[in-house]
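So this one's my_file19.txt, compact mmCIF, C-alpha atoms:
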```txt
# COMPACT_ATOMS: atom_id res chain seq x y z
CA MET A 663 41.06 141.11 -0.18
CA ALA A 664 44.46 139.91 1.05
CA ASP A 665 43.89 141.57 4.44
CA GLU A 666 40.42 140.06 4.72
CA LEU A 667 41.80 136.61 3.93
CA GLU A 668 44.50 136.98 6.56
CA ILE A 669 41.84 137.91 9.15
CA LEU A 670 39.85 134.85 8.15
CA ARG A 671 42.93 132.62 8.44
CA ARG A 672 43.69 133.94 11.94
CA ALA A 673 40.12 133.51 13.12
CA ASP A 674 40.13 130.00 11.63
CA PRO A 675 36.43 129.10 11.75
CA VAL A 676 37.35 125.63 10.49
CA PRO A 677 40.51 124.54 12.38
CA PRO A 678 42.89 121.86 11.00
CA ASP A 679 41.83 119.35 13.67
CA GLY A 680 38.13 119.75 12.89
CA PRO A 681 36.01 118.38 10.04
CA ARG A 682 36.86 120.74 7.19
CA TYR A 683 33.89 122.07 5.26
CA ALA A 684 31.68 119.63 7.11
CA ASP A 685 27.89 119.78 7.27
CA GLY A 686 27.84 119.60 11.05
CA PRO A 687 27.44 122.59 13.41
CA LEU A 688 30.31 124.88 14.37
CA ASP A 689 31.77 124.64 17.84
CA PRO A 690 31.39 127.69 20.17
CA ARG A 691 34.84 129.11 19.39
CA ALA A 692 34.33 128.93 15.63
CA GLU A 693 30.86 130.43 15.90
CA HIS A 694 32.20 133.30 18.03
CA GLN A 695 35.05 134.09 15.63
CA LEU A 696 32.85 133.95 12.57
CA HIS A 697 30.31 136.22 14.27
CA LEU A 698 33.04 138.81 14.86
CA LEU A 699 34.14 138.63 11.24
CA LEU A 700 30.67 138.99 9.81
CA ARG A 701 29.17 141.55 12.20
CA GLU A 702 31.95 143.97 13.18
CA PRO A 703 33.10 146.84 10.94
CA PRO A 704 36.49 146.15 9.24
CA ALA A 705 38.29 148.80 11.31
CA ARG A 706 37.30 147.06 14.56
CA ARG A 707 38.06 143.48 13.52
CA ARG A 708 40.68 141.88 15.70
CA LEU A 709 41.41 138.32 16.62
CA ARG A 710 39.59 137.60 19.87
CA LEU A 711 39.65 134.27 21.61
CA PRO A 712 37.03 133.19 24.17
CA ALA A 713 38.27 133.09 27.76
CA LYS A 714 39.46 129.65 28.87
CA SER A 715 36.87 129.65 31.61
CA ALA A 716 33.99 130.33 29.23
CA ARG A 717 31.26 127.74 29.60
CA ARG A 718 30.00 125.83 26.60
CA PRO A 719 26.58 127.30 25.74
CA SER A 720 23.58 125.04 25.71
CA THR A 721 22.61 123.64 22.34
CA ALA A 722 19.00 123.03 23.32
CA GLY A 723 16.64 124.49 20.77
CA ARG A 724 19.54 125.85 18.63
CA ARG A 725 19.95 123.20 15.97
CA GLY A 726 18.48 125.38 13.24
CA PRO A 727 20.67 128.47 13.91
CA ARG A 728 23.81 126.39 14.37
CA LEU A 729 23.28 124.64 11.04
CA LEU A 730 22.76 128.05 9.49
CA TRP A 731 26.10 129.24 10.89
CA SER A 732 27.73 126.14 9.36
CA ALA A 733 26.34 127.06 5.96
CA VAL A 734 27.53 130.66 6.38
CA ALA A 735 31.01 129.48 7.39
CA LEU A 736 31.25 127.20 4.36
CA THR A 737 30.11 129.98 2.04
CA VAL A 738 32.54 132.55 3.47
CA VAL A 739 35.58 130.23 3.44
CA VAL A 740 35.02 128.81 -0.04
CA ALA A 741 33.92 132.10 -1.60
CA THR A 742 36.84 134.02 -0.10
CA ALA A 743 39.39 131.40 -1.11
CA LEU A 744 38.08 130.94 -4.64
CA THR A 745 37.72 134.70 -5.17
CA LEU A 746 41.37 135.16 -4.30
CA LEU A 747 42.48 132.13 -6.28
CA LEU A 748 40.37 132.66 -9.36
CA GLY A 749 40.20 136.43 -9.31
CA GLY A 750 37.35 138.67 -10.34
CA PRO A 751 36.63 141.67 -12.55
CA SER A 752 38.48 144.08 -10.24
CA ALA A 753 40.81 141.62 -8.55
CA THR A 754 44.57 141.61 -8.73
CA PRO A 755 46.15 138.65 -10.62
CA ALA A 756 45.12 135.41 -8.95
CA ILE A 757 47.70 133.97 -6.59
CA ALA A 758 47.14 130.51 -8.11
CA ALA A 759 48.28 131.76 -11.51
CA PRO A 760 52.01 132.40 -11.90
CA ARG A 761 53.13 135.64 -13.49
CA PRO A 762 55.17 135.38 -16.69
CA LEU A 763 58.89 135.03 -16.13
CA VAL A 764 60.75 138.32 -16.43
CA VAL A 765 63.95 138.46 -18.43
CA ARG A 766 66.72 140.67 -17.08
CA THR A 767 67.31 143.36 -19.65
CA ASP A 768 70.70 144.29 -18.19
CA THR A 769 72.25 140.95 -19.18
CA THR A 770 73.88 139.94 -22.45
CA PRO A 771 72.02 137.08 -24.15
CA VAL A 772 74.00 133.92 -24.82
CA GLY A 773 73.42 132.50 -28.30
CA LEU A 774 72.28 128.90 -28.62
CA ALA A 775 75.33 127.98 -30.68
CA VAL A 776 77.57 129.19 -27.85
CA LEU A 777 75.46 127.32 -25.30
CA ALA A 778 75.56 124.14 -27.39
CA ALA A 779 79.38 124.35 -27.48
CA ARG A 780 79.46 124.73 -23.69
CA ALA A 781 77.19 121.71 -23.33
CA GLU A 782 79.46 119.66 -25.59
CA ASN A 783 82.51 120.61 -23.52
CA ALA A 784 80.69 119.71 -20.29
CA ALA A 785 79.50 116.31 -21.56
CA ASP A 786 82.53 114.32 -20.36
CA GLY A 787 82.25 113.39 -16.71
CA GLY A 788 78.79 114.89 -16.32
CA PRO A 789 75.65 113.22 -14.95
CA THR A 790 74.34 110.09 -16.68
CA LEU A 791 71.00 109.30 -18.26
CA ARG A 792 68.26 108.03 -15.91
CA LYS A 793 64.80 106.77 -16.80
CA GLY A 794 62.02 108.63 -15.02
CA THR A 795 61.37 112.30 -14.33
CA HIS A 796 60.88 114.89 -11.60
CA VAL A 797 58.89 117.88 -12.84
CA GLN A 798 56.91 120.78 -11.43
CA THR A 799 54.12 121.94 -13.72
CA TRP A 800 51.50 124.66 -13.92
CA SER A 801 48.71 124.38 -16.48
CA LEU A 802 45.76 126.61 -17.24
CA GLY A 803 42.36 124.93 -17.11
CA MET A 804 39.61 126.68 -19.07
CA SER A 805 35.92 126.15 -19.72
CA ASP A 806 33.09 128.06 -21.36
CA ASP A 807 31.31 128.92 -18.12
CA LYS A 808 34.04 129.23 -15.45
CA PRO A 809 37.07 131.52 -14.94
CA PRO A 810 40.46 130.07 -15.94
CA ILE A 811 42.40 128.40 -13.14
CA THR A 812 46.03 127.34 -12.83
CA LEU A 813 46.75 123.92 -11.40
CA PRO A 814 50.20 123.39 -9.78
CA LEU A 815 51.49 119.81 -9.58
CA GLU A 816 54.74 118.02 -8.82
CA ARG A 817 55.27 114.66 -10.50
CA ILE A 818 57.96 112.08 -9.77
CA VAL A 819 58.35 108.92 -11.87
CA ARG A 820 60.97 106.37 -10.90
CA TRP A 821 61.82 103.10 -12.67
CA LYS A 822 63.02 100.00 -10.88
CA ALA A 823 65.49 97.36 -12.03
CA ASP A 824 62.68 94.85 -12.72
CA ALA A 825 61.05 97.28 -15.21
CA ARG A 826 58.29 98.34 -12.82
CA HIS A 827 57.85 102.05 -12.21
CA THR A 828 56.14 104.25 -9.66
CA GLU A 829 54.33 107.53 -10.15
CA LEU A 830 53.74 110.11 -7.43
CA VAL A 831 51.72 113.26 -8.12
CA VAL A 832 51.45 115.90 -5.39
CA ALA A 833 49.50 119.17 -5.33
CA THR A 834 52.04 121.81 -4.35
CA ASP A 835 53.17 125.29 -5.31
CA PRO A 836 56.76 126.19 -4.34
CA ARG A 837 55.90 129.91 -4.52
CA HIS A 838 53.49 129.60 -1.58
CA PRO A 839 54.67 126.73 0.67
CA GLY A 840 52.11 125.57 3.19
CA ARG A 841 49.16 127.29 1.54
CA PRO A 842 46.15 125.51 0.04
CA VAL A 843 46.51 124.45 -3.58
CA LEU A 844 43.85 124.41 -6.26
CA THR A 845 43.15 121.16 -8.09
CA ASP A 846 40.46 120.03 -10.51
CA GLU A 847 40.30 116.32 -9.84
CA ASN A 848 37.25 114.81 -11.51
CA GLY A 849 36.68 118.12 -13.29
CA SER A 850 35.57 119.94 -10.13
CA PRO A 851 37.93 122.72 -8.91
CA ARG A 852 38.55 122.57 -5.17
CA LEU A 853 41.17 123.48 -2.60
CA VAL A 854 43.45 120.82 -1.14
CA ASP A 855 46.25 120.96 1.40
CA ASP A 856 49.72 121.81 0.18
CA GLY A 857 51.50 118.51 -0.40
CA GLU A 858 48.34 116.43 -0.73
CA VAL A 859 49.00 113.25 -2.71
CA LEU A 860 46.74 113.12 -5.77
CA VAL A 861 48.21 110.01 -7.40
CA ARG A 862 50.35 107.20 -6.01
CA ARG A 863 50.67 104.21 -8.32
CA THR A 864 53.00 101.32 -9.02
CA TYR A 865 52.89 99.98 -12.57
CA PRO A 866 53.72 96.41 -13.64
CA PRO A 867 56.86 95.67 -15.65
CA SER A 868 56.93 97.33 -19.06
CA TRP A 869 59.43 96.94 -21.85
CA SER A 870 59.39 98.97 -25.05
CA ASP A 871 61.94 99.76 -27.73
CA ALA A 872 59.91 102.66 -29.13
CA PRO A 873 60.35 106.32 -28.17
CA PRO A 874 59.85 107.86 -25.68
CA GLU A 875 60.28 104.71 -23.54
CA ALA A 876 63.41 103.59 -25.39
CA PRO A 877 66.64 105.28 -24.27
CA PRO A 878 67.36 108.42 -26.31
CA PRO A 879 70.56 108.58 -28.39
CA HIS A 880 73.13 111.24 -27.65
CA ASP A 881 74.03 112.34 -31.18
CA ARG A 882 72.08 115.05 -33.00
CA ALA A 883 70.95 113.03 -36.02
CA GLY A 884 69.89 110.04 -33.94
CA LEU A 885 68.10 112.22 -31.38
CA LEU A 886 66.23 114.11 -34.10
CA ALA A 887 64.94 110.83 -35.57
CA TYR A 888 64.02 109.67 -32.05
CA LEU A 889 62.06 112.84 -31.26
CA THR A 890 60.29 112.74 -34.63
CA GLU A 891 59.10 109.20 -33.92
CA ALA A 892 58.13 110.05 -30.33
CA ALA A 893 56.03 112.98 -31.59
CA HIS A 894 54.38 110.74 -34.22
CA GLU A 895 55.41 113.13 -36.96
CA GLN A 896 56.03 112.03 -40.53
CA GLY A 897 57.98 115.04 -41.74
CA PRO A 898 60.65 117.33 -40.29
CA LEU A 899 59.95 118.92 -36.91
CA ASP A 900 59.39 122.66 -36.99
CA THR A 901 60.39 124.68 -33.91
CA PRO A 902 57.09 124.43 -31.97
CA ARG A 903 56.91 120.66 -32.55
CA LEU A 904 60.57 120.28 -31.65
CA LEU A 905 59.94 122.06 -28.35
CA ASP A 906 56.94 119.81 -27.71
CA ALA A 907 59.03 116.73 -28.45
CA VAL A 908 61.81 117.88 -26.10
CA GLY A 909 59.17 118.38 -23.38
CA LEU A 910 57.87 114.85 -24.02
CA LEU A 911 61.41 113.50 -23.72
CA LEU A 912 61.99 115.29 -20.41
CA ASP A 913 58.66 114.02 -19.07
CA ASN A 914 60.03 110.48 -19.47
CA TRP A 915 63.80 110.76 -18.96
CA THR A 916 66.23 112.66 -16.75
CA LEU A 917 68.91 113.47 -19.30
CA GLY A 918 72.59 112.93 -18.82
CA ALA A 919 75.24 115.41 -19.92
CA ARG A 920 75.68 113.86 -23.36
CA GLU A 921 71.93 113.79 -24.07
CA SER A 922 71.61 117.40 -22.90
CA ALA A 923 74.41 118.37 -25.29
CA ALA A 924 72.58 116.69 -28.17
CA VAL A 925 69.35 118.51 -27.28
CA ALA A 926 71.22 121.84 -27.10
CA GLY A 927 72.74 121.14 -30.50
CA LEU A 928 69.34 120.47 -32.07
CA LEU A 929 67.85 123.59 -30.52
CA SER A 930 70.75 125.70 -31.81
CA GLU A 931 69.62 124.77 -35.33
CA ALA A 932 65.94 125.59 -34.74
CA ARG A 933 64.56 128.56 -36.64
CA GLY A 934 63.05 131.49 -34.81
CA LEU A 935 64.35 130.57 -31.35
CA ARG A 936 66.12 133.73 -30.24
CA PRO A 937 68.14 134.50 -27.08
CA VAL A 938 66.68 137.21 -24.86
CA GLY A 939 68.83 137.18 -21.70
CA ARG A 940 69.03 135.83 -18.20
CA VAL A 941 66.00 134.69 -16.22
CA THR A 942 65.31 133.10 -12.82
CA ASP A 943 62.80 130.28 -13.01
CA ARG A 944 60.11 129.47 -10.43
CA LEU A 945 62.42 127.13 -8.57
CA GLY A 946 64.95 129.91 -8.08
CA ARG A 947 67.42 128.64 -10.69
CA ALA A 948 69.29 131.02 -12.98
CA GLY A 949 69.20 130.25 -16.68
CA GLN A 950 69.32 131.67 -20.17
CA ALA A 951 65.98 132.33 -21.87
CA TYR A 952 65.19 131.67 -25.54
CA VAL A 953 61.90 132.79 -27.06
CA TYR A 954 59.89 131.62 -30.03
CA ASP A 955 57.09 133.95 -31.14
CA GLY A 956 54.64 131.87 -33.11
CA THR A 957 51.65 132.92 -35.15
CA THR A 958 49.05 131.10 -33.06
CA GLY A 959 48.66 133.72 -30.31
CA VAL A 960 51.20 132.16 -27.92
CA ARG A 961 54.84 132.72 -27.06
CA ARG A 962 57.16 129.88 -26.10
CA MET A 963 60.08 130.47 -23.72
CA LEU A 964 62.82 127.90 -23.19
CA ILE A 965 65.04 128.15 -20.09
CA MET A 966 68.44 126.44 -20.20
CA SER A 967 71.40 126.23 -17.86
CA ALA A 968 74.15 128.59 -18.96
CA ASP A 969 76.81 126.18 -17.67
CA ASP A 970 75.96 122.83 -19.27
CA GLY A 971 73.03 123.51 -21.61
CA ALA A 972 70.55 121.40 -19.68
CA VAL A 973 66.90 122.31 -20.23
CA LEU A 974 65.49 123.70 -16.96
CA GLY A 975 61.99 124.65 -18.04
CA MET A 976 59.54 125.84 -20.66
CA GLU A 977 56.83 128.48 -20.43
CA THR A 978 53.96 129.26 -22.80
CA THR A 979 52.14 132.60 -22.51
CA TYR A 980 49.30 134.14 -24.49
CA THR A 981 50.17 137.01 -26.82
CA ALA A 982 46.52 137.73 -27.63
CA PRO A 983 43.47 137.76 -25.36
CA GLN A 984 40.75 135.12 -25.47
CA PRO A 985 37.84 136.91 -23.79
CA GLU A 986 35.50 133.97 -24.26
CA TYR A 987 37.69 132.07 -21.77
CA GLY A 988 38.66 135.02 -19.57
CA VAL A 989 42.26 134.90 -20.81
CA ARG A 990 44.26 138.12 -21.10
CA THR A 991 47.42 138.93 -23.02
CA GLY A 992 50.43 137.81 -20.99
CA ASP A 993 48.61 135.09 -19.01
CA VAL A 994 50.65 131.94 -18.50
CA MET A 995 49.18 129.00 -20.37
CA GLU A 996 51.54 126.37 -18.98
CA TYR A 997 54.94 126.00 -17.40
CA SER A 998 57.21 123.03 -16.67
CA ALA A 999 60.36 122.95 -14.52
CA TRP A 1000 62.42 119.76 -14.71
CA MET A 1001 64.73 118.66 -11.91
CA ARG A 1002 67.27 115.91 -11.36
```
Let's see the structure in the file written out as structure tokens.
Amino acid sequence: MADELEILRRADPVPPDGPRYADGPLDPRAEHQLHLLLREPPARRRLRLPAKSARRPSTAGRRGPRLLWSAVALTVVVATALTLLLGGPSATPAIAAPRPLVVRTDTTPVGLAVLAARAENAADGGPTLRKGTHVQTWSLGMSDDKPPITLPLERIVRWKADARHTELVVATDPRHPGRPVLTDENGSPRLVDDGEVLVRRTYPPSWSDAPPEAPPPHDRAGLLAYLTEAAHEQGPLDTPRLLDAVGLLLDNWTLGARESAAVAGLLSEARGLRPVGRVTDRLGRAGQAYVYDGTTGVRRMLIMSADDGAVLGMETTYTAPQPEYGVRTGDVMEYSAWMR
């Protein structure tokens, strides 16, 4: 399938400067290339361009066939792209879905208590707290009647001095720069260009003294109370809810060194969060991985910087299949990578 897709890309029946997926007829070059792809045996398929001196064929009496070619082109492009992106019964893992992060087994895991001590030592003179976030996310969209799809997004939120803030959401996948990206805007999966802006908003001034909009404290006890309130929990936070609350915090704030040290300290006290070794996240950053194996059929992995204890990312994978949704053991449910 990968070879067939590459042939289709090179033939380019729908060029970037033309009306993509339009209802209108194909031009002569596109019709010629698509004819070669559809009619020639795979072993003979090569990229062939019409001679520059070729005359434009007459369109008289050809409206029906040309519209038919347009429908064929649309079907081939969309079907090929979605087959590769969504996968099929005998397909390799879909390129839109990231593989689970792989922990290096030849490395010595660093305990969270050790990491928390490093973070505390690095707190003085480190970066400062900033409101807003910059995060790359992947999330699995599922339905009863369609295959699961993974939707890659990059989100940047910046706050201004007058309490206004901006939000920019872009469809992009750093693993495949320049390639089309799958999105499900309005609940309808479709391909968009890499880097296409999905959301660009400016919000009016907003003031709040409640978490997560209020600045987080940088001591363990104060931060625990803050996260409990932000998560709308009445009782103590167990490990899964603590991880969720930390993710909520990072979706609203870019932590400074002192706040990161407080988070590392809280996580070092969490039950069931065990060190497993070194891992490289999807942005190419090295970190230490910590895993929580819950009882709900999912595994949570936390990735933290080995130098200063900053949280780099979180990944959730399925530990049991869900055949009714087309989900297999080991599929990534969601992933977030936070940046400064």
Around (67.4, 131.6, -11.2) in the file's frame, which residues reach within 12 Å when counting only C-alpha atoms? Return as a short mmCIF file (atom, residue, chain, number, x, y, z; two decimals) with C-alpha atoms, in the coordinates of the input?
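The resulting file, part.cif, is reproduced below:
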```cif
data_model
loop_
_atom_site.label_atom_id
_atom_site.label_comp_id
_atom_site.auth_asym_id
_atom_site.auth_seq_id
_atom_site.Cartn_x
_atom_site.Cartn_y
_atom_site.Cartn_z
CA LEU A 763 58.89 135.03 -16.13
CA VAL A 764 60.75 138.32 -16.43
CA VAL A 765 63.95 138.46 -18.43
CA ARG A 766 66.72 140.67 -17.08
CA GLY A 939 68.83 137.18 -21.70
CA ARG A 940 69.03 135.83 -18.20
CA VAL A 941 66.00 134.69 -16.22
CA THR A 942 65.31 133.10 -12.82
CA ASP A 943 62.80 130.28 -13.01
CA ARG A 944 60.11 129.47 -10.43
CA LEU A 945 62.42 127.13 -8.57
CA GLY A 946 64.95 129.91 -8.08
CA ARG A 947 67.42 128.64 -10.69
CA ALA A 948 69.29 131.02 -12.98
CA GLY A 949 69.20 130.25 -16.68
CA GLN A 950 69.32 131.67 -20.17
CA ALA A 951 65.98 132.33 -21.87
CA ILE A 965 65.04 128.15 -20.09
CA MET A 966 68.44 126.44 -20.20
CA SER A 967 71.40 126.23 -17.86
CA ALA A 968 74.15 128.59 -18.96
CA LEU A 974 65.49 123.70 -16.96
CA GLY A 975 61.99 124.65 -18.04
CA ALA A 999 60.36 122.95 -14.52
#
```
Smallest atom-to-atom distance to Leu774 in chain A: which of A:Pro983, A:Pro902, A:Pro874, A:Gly927, using only C-alpha atoms? A:Gly927
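The two atoms in question, CA of Thr828 in chain A and CA of Ala919 in chain A, are spaced 24.4 Å apart.
Neighbours of Glu829 in chain A closer than or equal to 8 Å, with only C-alpha atoms counted and sequence neighbours fewer than 6 positions away skipped, come out as Arg817, Ile818, Val819, Arg820, Val861, Arg862, Arg863 and Thr864 of chain A.
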Excluding Arg826 in chain A and residues on its chain fewer than 2 positions from it, collect all residues at most 7 Å away from it, counting all atoms listed in the file, and give them as an MDAnalysis selection string. chainID A and resid 821:822 824 865:868
One decimal place gives the CA of Glu816 in chain A-CA of Thr834 in chain A separation as 6.5 Å
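The interatomic distance for the pair CA of Ala785 in chain A and CA of Asp768 in chain A works out to 29.5 Å.
Proximity ranking of A:Pro842, A:Leu802, A:Trp1000, A:Leu904 relative to Ala926 in chain A places A:Leu904 first, based on all atoms listed in the file.
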Between A:Pro937, A:Gly909, A:Gly959, A:Pro814, which residue has the minimum interatomic distance to Val973 in chain A, considering only C-alpha atoms? A:Gly909
One residue among A:Ala825, A:Ala892, A:Val859, A:Ala833 is nearest to Trp800 in chain A when using all atoms listed in the file, and that residue is A:Ala833
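Closest approach to Asp881 in chain A from the set A:Leu910, A:Gly840, A:Ala779, A:Ala923 is made by A:Ala923, with distances taken over all atoms listed in the file.
Excluding Gly788 in chain A and any residue on its chain fewer than 5 positions from it, the residues at most 10 Å away by all atoms listed in the file are A:Ala781, A:Asn783, A:Gly918, A:Ala919, A:Arg920, A:Asp970.
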Once you add 8 Å to each side, what are the centre and edge lengths of the axis-aligned box holding all listed atoms of range 953-963 of chain A? One decimal in Å, as lines of an AutoDock Vina configuration file, if you can.
```
center_x = 55.3
center_y = 131.9
center_z = -29.4
size_x = 29.2
size_y = 20.1
size_z = 27.4
```
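Each of A:Thr790, A:Ser930, A:Thr799, A:Thr890 was compared to Asp913 in chain A using all atoms listed in the file, and A:Thr799 turns out to be the nearest.
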